[in-house]
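One structure below.
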Amino acid sequence: MTGSHPGEVLPLPPRSVSAPGAGRALPVRAALSGLIAAGLAAAVWRLSGEPGGARLALSLVFGALFGFVLQRSRFCFYCQWREFLIGGDPRGMLGILAALAAGVAGYAVVLGAWMPDPSGTRLPPDAHIGPVGPVLILAGLAFGAGMAVSGSCISAHLYRLGEGSPTAPFALLGTGLGFVLGFLSWNPLYLASVSEAPVLWLPRHLGYGLSLALSLALLAALAWPLLRRLPAPQPRASHDPLHAVFVARWPVWLGGLAVGALGTLAYLRVGPLGVTAEIGGRSRQAAGALGLLPDRLEGLDTFRGCATALRDAILTPNGLFIGGLVLAALAAALLAGQFRPALPTRGQVVRGLAGGVLLGWGAMTGLGCSVGTLLSGIMAGAVSGWVFGLAMFAGAAGTLWAGRRAGVLG
């Protein structure tokens, strides 16, 4: 899906070319970015001084770092997959594999310290390890289709909200509606399949060493054919480190390594990376207040993943994580000259809402999205992460192929 806005799905820019508009009104843009950064720092300081606020402050910090990395490296599961399928460019997919490899290694160290013996019945605290069955596959297919229709995964829509994307607000609204539809369909799915689906954690069956070796071997096997298709490196246009960090696009592999490191640190101090707990929880709260939900959602709150429990507090860790993500992406886009808001077209509204509904339904029934179930799940050694990921990429590829054949997706 193509469009005129920088937040839509477009070919990767040349690595040596600065973002359009990077030299215009730089002092104003730098001042605005500085104000946002100062505001985030003040919020972190204020939260840190409140009773029990350390976890909230860290969530805001990790969210801001995550948003900055996503915006600078254009780390988007669908964009990189689409560019490989259509343009044959493997760099983005290698970045995703780099994130997984770094996170798998980091999680192995953390989990090995927390649970030296993984062979018992316990699972690691808060890790995104979910049931594996037909519903998970269906959720991944729906989520992948939603990426193709809307143009991004949920995390990318969040950072593109900071870039001024005209599609992102409608995709996120559709995501909330999709969560409500997921809640409405949950009980039949749970009783028919999810309740009996096994929860498979690789270290429990293989130990940490063999599980790590197997995961890295699978990632290496996926990376090998991509490495052979890498284009020739392009000369750097500038050796200015500030330009390289704050203006030029980062190589996706660098963003991937940063995502893997952030995933490990976030799990060590706060919890696994995820961007749907707050969206799902607020959607559940609103739908419940309107009397749209059943009296009981069978077994939902007993599963690992991006929890969608009702929110009593105004400030929550995941809510602050998302807020930090969007604001840091806005600051990064302003400084790089990549904040370009635009009025949405009818097509962007329709595709955003329709794709968002699929994203929300898939994330709710899959107990997370491309960040929670796939990224954090695979890092933790969850088979559910691999299954959701394969179904997600298949759903995106099939929807993109059908959409291009029908002339509705670019």
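Labels used: A, B, ... for chains in the order of the structure tokens, numbers from 1 for residues in each chain, and numbers from 1 for ligands as shown.
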(request) Write out as number ranges by chain the residues lying within 9 Å of range 42-56 of chain A, counting only C-alpha atoms and excluding same-chain residues fewer than 6 positions away. (result) A: 269-270, 315-318, 320-321
Take the selection from the previous step and output its residues with N, CA and C atoms, as a PDB file, in the first residue's frame.
ATOM      1  N   ARG A 269      13.637  -5.432  34.245  1.00  0.00           N
ATOM      2  CA  ARG A 269      13.276  -4.395  35.209  1.00  0.00           C
ATOM      3  C   ARG A 269      11.776  -4.146  35.340  1.00  0.00           C
ATOM      4  N   VAL A 270      11.009  -4.341  34.241  1.00  0.00           N
ATOM      5  CA  VAL A 270       9.583  -3.997  34.271  1.00  0.00           C
ATOM      6  C   VAL A 270       8.707  -5.164  33.833  1.00  0.00           C
ATOM      7  N   LEU A 315      -2.903   5.908  35.493  1.00  0.00           N
ATOM      8  CA  LEU A 315      -1.582   5.642  34.935  1.00  0.00           C
ATOM      9  C   LEU A 315      -1.240   4.173  35.130  1.00  0.00           C
ATOM     10  N   THR A 316      -0.867   3.514  34.052  1.00  0.00           N
ATOM     11  CA  THR A 316      -0.466   2.114  34.098  1.00  0.00           C
ATOM     12  C   THR A 316       0.881   1.974  33.407  1.00  0.00           C
ATOM     13  N   PRO A 317       1.641   0.920  33.731  1.00  0.00           N
ATOM     14  CA  PRO A 317       2.943   0.744  33.068  1.00  0.00           C
ATOM     15  C   PRO A 317       2.845   0.707  31.554  1.00  0.00           C
ATOM     16  N   ASN A 318       1.900  -0.060  31.009  1.00  0.00           N
ATOM     17  CA  ASN A 318       1.823  -0.145  29.556  1.00  0.00           C
ATOM     18  C   ASN A 318       1.295   1.135  28.934  1.00  0.00           C
ATOM     19  N   LEU A 320       1.913   4.170  30.050  1.00  0.00           N
ATOM     20  CA  LEU A 320       3.053   5.073  30.010  1.00  0.00           C
ATOM     21  C   LEU A 320       4.067   4.632  28.965  1.00  0.00           C
ATOM     22  N   PHE A 321       4.212   3.341  28.791  1.00  0.00           N
ATOM     23  CA  PHE A 321       5.107   2.829  27.748  1.00  0.00           C
ATOM     24  C   PHE A 321       4.662   3.333  26.378  1.00  0.00           C
TER      25      PHE A 321
END
(request) List every residue of range 138-350 of chain A that DSSP, applied to the backbone of this structure, assigns to alpha helix (DSSP H), and report them as an NGL selection string. (result) :A and (138-150 or 154-161 or 168-192 or 202-227 or 241-246 or 252-269 or 277-289 or 317-336 or 346-350)
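Residues surrounding Leu111 in chain A within 9 Å are Pro118, Pro124, Tyr208 and Ala380 of chain A [only C-alpha atoms; sequence separation below 6 positions excluded].
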Let me see the file: selected residues, N, CA and C atoms, as a short mmCIF file (atom, residue, chain, number, x, y, z; two decimals), in the first residue's frame.
data_model
loop_
_atom_site.label_atom_id
_atom_site.label_comp_id
_atom_site.auth_asym_id
_atom_site.auth_seq_id
_atom_site.Cartn_x
_atom_site.Cartn_y
_atom_site.Cartn_z
N PRO A 118 14.58 -25.14 34.74
CA PRO A 118 13.32 -24.86 34.04
C PRO A 118 12.44 -26.08 33.84
N PRO A 124 8.31 -18.82 33.62
CA PRO A 124 8.96 -17.58 34.05
C PRO A 124 7.93 -16.49 34.34
N TYR A 208 17.99 -24.72 28.99
CA TYR A 208 18.32 -23.41 28.44
C TYR A 208 19.34 -23.50 27.31
N ALA A 380 11.50 -15.38 24.82
CA ALA A 380 11.34 -16.17 26.05
C ALA A 380 11.38 -17.66 25.81
#
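Among the candidates A:Leu141, A:Leu136, A:Val69, A:Arg351, the one nearest to Met392 in chain A when counting only C-alpha atoms is A:Leu141.
Closest to Leu265 in chain A among A:Leu40, A:Ala25, A:Val110, A:Met364 is A:Val110, based on only C-alpha atoms.
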Which neighbours of Gly88 in chain A fall inside 10 Å, counting only C-alpha atoms, when residues of the same chain fewer than 3 positions from it are skipped, and could you give them as a PDB file with N, CA and C atoms, in the first residue's frame?
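Full text of selection04.pdb as output:
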ATOM      1  N   TRP A  81       8.695  -6.914   5.631  1.00  0.00           N
ATOM      2  CA  TRP A  81       8.219  -8.105   4.952  1.00  0.00           C
ATOM      3  C   TRP A  81       7.744  -7.756   3.541  1.00  0.00           C
ATOM      4  N   ARG A  82       7.028  -6.660   3.417  1.00  0.00           N
ATOM      5  CA  ARG A  82       6.533  -6.234   2.108  1.00  0.00           C
ATOM      6  C   ARG A  82       7.678  -5.871   1.169  1.00  0.00           C
ATOM      7  N   GLU A  83       8.670  -5.184   1.701  1.00  0.00           N
ATOM      8  CA  GLU A  83       9.787  -4.783   0.843  1.00  0.00           C
ATOM      9  C   GLU A  83      10.604  -5.978   0.389  1.00  0.00           C
ATOM     10  N   PHE A  84      10.635  -7.031   1.198  1.00  0.00           N
ATOM     11  CA  PHE A  84      11.296  -8.248   0.757  1.00  0.00           C
ATOM     12  C   PHE A  84      10.469  -8.967  -0.303  1.00  0.00           C
ATOM     13  N   LEU A  85       9.161  -9.055  -0.087  1.00  0.00           N
ATOM     14  CA  LEU A  85       8.312  -9.771  -1.034  1.00  0.00           C
ATOM     15  C   LEU A  85       8.248  -9.078  -2.387  1.00  0.00           C
ATOM     16  N   ARG A  91      17.190  -6.452   3.814  1.00  0.00           N
ATOM     17  CA  ARG A  91      17.795  -5.786   4.964  1.00  0.00           C
ATOM     18  C   ARG A  91      16.828  -5.675   6.145  1.00  0.00           C
ATOM     19  N   LEU A 226      18.909 -14.780   3.160  1.00  0.00           N
ATOM     20  CA  LEU A 226      18.755 -13.325   3.067  1.00  0.00           C
ATOM     21  C   LEU A 226      20.110 -12.637   2.935  1.00  0.00           C
ATOM     22  N   ARG A 229      21.472 -12.275  -0.458  1.00  0.00           N
ATOM     23  CA  ARG A 229      20.779 -11.354  -1.358  1.00  0.00           C
ATOM     24  C   ARG A 229      21.012  -9.894  -0.984  1.00  0.00           C
ATOM     25  N   LEU A 230      21.927  -9.644  -0.066  1.00  0.00           N
ATOM     26  CA  LEU A 230      22.181  -8.273   0.345  1.00  0.00           C
ATOM     27  C   LEU A 230      22.718  -7.443  -0.823  1.00  0.00           C
ATOM     28  N   PRO A 231      22.202  -6.226  -1.003  1.00  0.00           N
ATOM     29  CA  PRO A 231      22.750  -5.353  -2.041  1.00  0.00           C
ATOM     30  C   PRO A 231      24.132  -4.839  -1.648  1.00  0.00           C
TER      31      PRO A 231
END
Write out as a short mmCIF file (atom, residue, chain, number, x, y, z; two decimals) with C-alpha atoms, in the first residue's frame each polymer residue whose atoms come within 8 Å of Leu374 in chain A, counting only C-alpha atoms; drop sequence neighbours fewer than 6 positions from it.
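Below you can see around-v4.cif, which holds the result:
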data_model
loop_
_atom_site.label_atom_id
_atom_site.label_comp_id
_atom_site.auth_asym_id
_atom_site.auth_seq_id
_atom_site.Cartn_x
_atom_site.Cartn_y
_atom_site.Cartn_z
CA GLY A 368 -0.60 -10.10 21.95
CA SER A 384 3.51 -19.73 20.58
CA GLY A 385 5.75 -16.91 19.35
CA TRP A 386 7.02 -18.96 16.42
CA PHE A 388 1.99 -16.72 15.66
CA GLY A 389 4.88 -15.27 13.65
#
(request) For Ala99 in chain A, work out the shell of residues within 12 Å, counting only C-alpha atoms and skipping chain neighbours fewer than 4 positions away, then give it as a ChimeraX atom specification. (result) /A:69-70,75-77,92-95,103-107,216,219,252-264,371,374-376,378-379
Selection above as a file: N, CA and C atoms, as a short mmCIF file (atom, residue, chain, number, x, y, z; two decimals), in the first residue's frame:
data_model
loop_
_atom_site.label_atom_id
_atom_site.label_comp_id
_atom_site.auth_asym_id
_atom_site.auth_seq_id
_atom_site.Cartn_x
_atom_site.Cartn_y
_atom_site.Cartn_z
N VAL A 69 13.96 4.28 18.86
CA VAL A 69 14.60 3.27 18.03
C VAL A 69 13.71 2.90 16.84
N LEU A 70 12.42 2.71 17.08
CA LEU A 70 11.51 2.37 15.98
C LEU A 70 11.51 3.45 14.91
N PHE A 75 11.66 0.45 12.10
CA PHE A 75 11.49 -0.95 12.46
C PHE A 75 10.00 -1.28 12.43
N CYS A 76 9.58 -1.97 11.39
CA CYS A 76 8.16 -2.29 11.19
C CYS A 76 8.08 -3.68 10.57
N PHE A 77 7.38 -4.58 11.22
CA PHE A 77 7.31 -5.96 10.74
C PHE A 77 6.72 -6.04 9.34
N GLY A 92 15.58 -5.34 5.87
CA GLY A 92 14.62 -5.21 6.95
C GLY A 92 14.35 -6.51 7.68
N MET A 93 14.20 -7.60 6.93
CA MET A 93 13.97 -8.89 7.57
C MET A 93 15.17 -9.33 8.38
N LEU A 94 16.37 -9.00 7.91
CA LEU A 94 17.56 -9.30 8.70
C LEU A 94 17.56 -8.50 10.00
N GLY A 95 17.03 -7.28 9.95
CA GLY A 95 16.91 -6.50 11.18
C GLY A 95 15.99 -7.16 12.19
N GLY A 103 17.58 -10.73 21.53
CA GLY A 103 16.66 -10.95 22.63
C GLY A 103 16.67 -12.37 23.15
N VAL A 104 16.79 -13.35 22.27
CA VAL A 104 16.85 -14.75 22.70
C VAL A 104 18.06 -14.97 23.59
N ALA A 105 19.21 -14.40 23.20
CA ALA A 105 20.42 -14.54 24.03
C ALA A 105 20.26 -13.81 25.36
N GLY A 106 19.71 -12.60 25.32
CA GLY A 106 19.53 -11.84 26.55
C GLY A 106 18.55 -12.51 27.51
N TYR A 107 17.43 -12.98 26.99
CA TYR A 107 16.45 -13.65 27.84
C TYR A 107 17.03 -14.91 28.47
N LEU A 216 18.72 -20.01 18.01
CA LEU A 216 19.71 -19.30 17.20
C LEU A 216 19.95 -20.02 15.88
N LEU A 219 17.08 -19.09 13.58
CA LEU A 219 17.24 -17.72 13.10
C LEU A 219 18.36 -17.64 12.08
N VAL A 252 18.54 -1.05 9.55
CA VAL A 252 17.54 -1.79 10.31
C VAL A 252 18.19 -2.82 11.23
N TRP A 253 19.34 -3.36 10.83
CA TRP A 253 20.01 -4.33 11.70
C TRP A 253 20.41 -3.68 13.02
N LEU A 254 20.81 -2.39 12.95
CA LEU A 254 21.18 -1.69 14.18
C LEU A 254 19.95 -1.48 15.05
N GLY A 255 18.85 -1.09 14.42
CA GLY A 255 17.61 -0.96 15.17
C GLY A 255 17.18 -2.29 15.77
N GLY A 256 17.39 -3.38 15.02
CA GLY A 256 17.03 -4.70 15.52
C GLY A 256 17.83 -5.08 16.76
N LEU A 257 19.13 -4.84 16.73
CA LEU A 257 19.95 -5.14 17.90
C LEU A 257 19.52 -4.30 19.10
N ALA A 258 19.18 -3.03 18.83
CA ALA A 258 18.71 -2.17 19.92
C ALA A 258 17.38 -2.67 20.48
N VAL A 259 16.47 -3.12 19.62
CA VAL A 259 15.19 -3.66 20.08
C VAL A 259 15.42 -4.91 20.94
N GLY A 260 16.34 -5.79 20.50
CA GLY A 260 16.62 -6.98 21.29
C GLY A 260 17.19 -6.65 22.65
N ALA A 261 18.08 -5.66 22.70
CA ALA A 261 18.65 -5.25 23.99
C ALA A 261 17.59 -4.61 24.88
N LEU A 262 16.75 -3.75 24.29
CA LEU A 262 15.68 -3.13 25.07
C LEU A 262 14.70 -4.18 25.60
N GLY A 263 14.40 -5.18 24.77
CA GLY A 263 13.50 -6.23 25.21
C GLY A 263 14.03 -6.95 26.43
N THR A 264 15.33 -7.22 26.44
CA THR A 264 15.94 -7.89 27.58
C THR A 264 15.92 -7.01 28.82
N VAL A 371 4.80 -7.52 18.63
CA VAL A 371 5.78 -7.22 19.66
C VAL A 371 5.62 -8.15 20.86
N LEU A 374 4.89 -12.36 19.32
CA LEU A 374 5.98 -12.82 18.45
C LEU A 374 7.34 -12.48 19.06
N LEU A 375 7.63 -11.19 19.22
CA LEU A 375 8.97 -10.77 19.63
C LEU A 375 9.28 -11.24 21.05
N SER A 376 8.46 -10.82 22.02
CA SER A 376 8.73 -11.21 23.41
C SER A 376 8.55 -12.71 23.61
N ILE A 378 9.08 -15.27 21.35
CA ILE A 378 10.23 -16.02 20.83
C ILE A 378 11.45 -15.78 21.71
N MET A 379 11.64 -14.55 22.17
CA MET A 379 12.77 -14.27 23.06
C MET A 379 12.71 -15.13 24.32
#
(message) Need the shell around Leu400 in chain A: protein/DNA/RNA residues with any atom at most 10 Å away, counting only C-alpha atoms. Skip same-chain ones fewer than 6 positions apart. Format as a list of chain:residue names?
(response)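 The filter keeps A:Met1, A:Arg82, A:Leu85, A:Ile86, A:Gly144, A:Ala145, A:Met147, A:Ala148, A:Val149, A:Gly151, A:Ala394, A:Ala406, A:Val408, A:Leu409, A:Gly410.
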(message) Under the rule that only C-alpha atoms are counted, which of A:Ala354, A:Val383, A:Leu138, A:Val349 is the nearest residue to Gly395 in chain A?
(response)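 Residue with the minimum atom-to-atom distance to Gly395 in chain A: A:Leu138.
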(message) What's the separation between CA of Leu293 in chain A and CA of Phe179 in chain A, in Å to one decimal place?
(response)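 About the pair CA of Leu293 in chain A and CA of Phe179 in chain A: they are 11.1 Å apart.
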(request) Name the closest residue to Ala139 in chain A among the candidates A:Val275, A:Val194, A:Ala221, A:Ala266; distances are taken between atoms, counting only C-alpha atoms. (result)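 The closest residue to Ala139 in chain A is A:Val194.
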(request) Between A:Ala289, A:Ala38, A:Ala329, A:Ala108, single out the one closest to Phe66 in chain A, counting only C-alpha atoms. (result) A:Ala329
(message) Restricting the calculation to only C-alpha atoms: of A:Trp201, A:Phe68, A:Phe170, A:Tyr78, which residue gets closest to Leu123 in chain A?
(response) A:Trp201
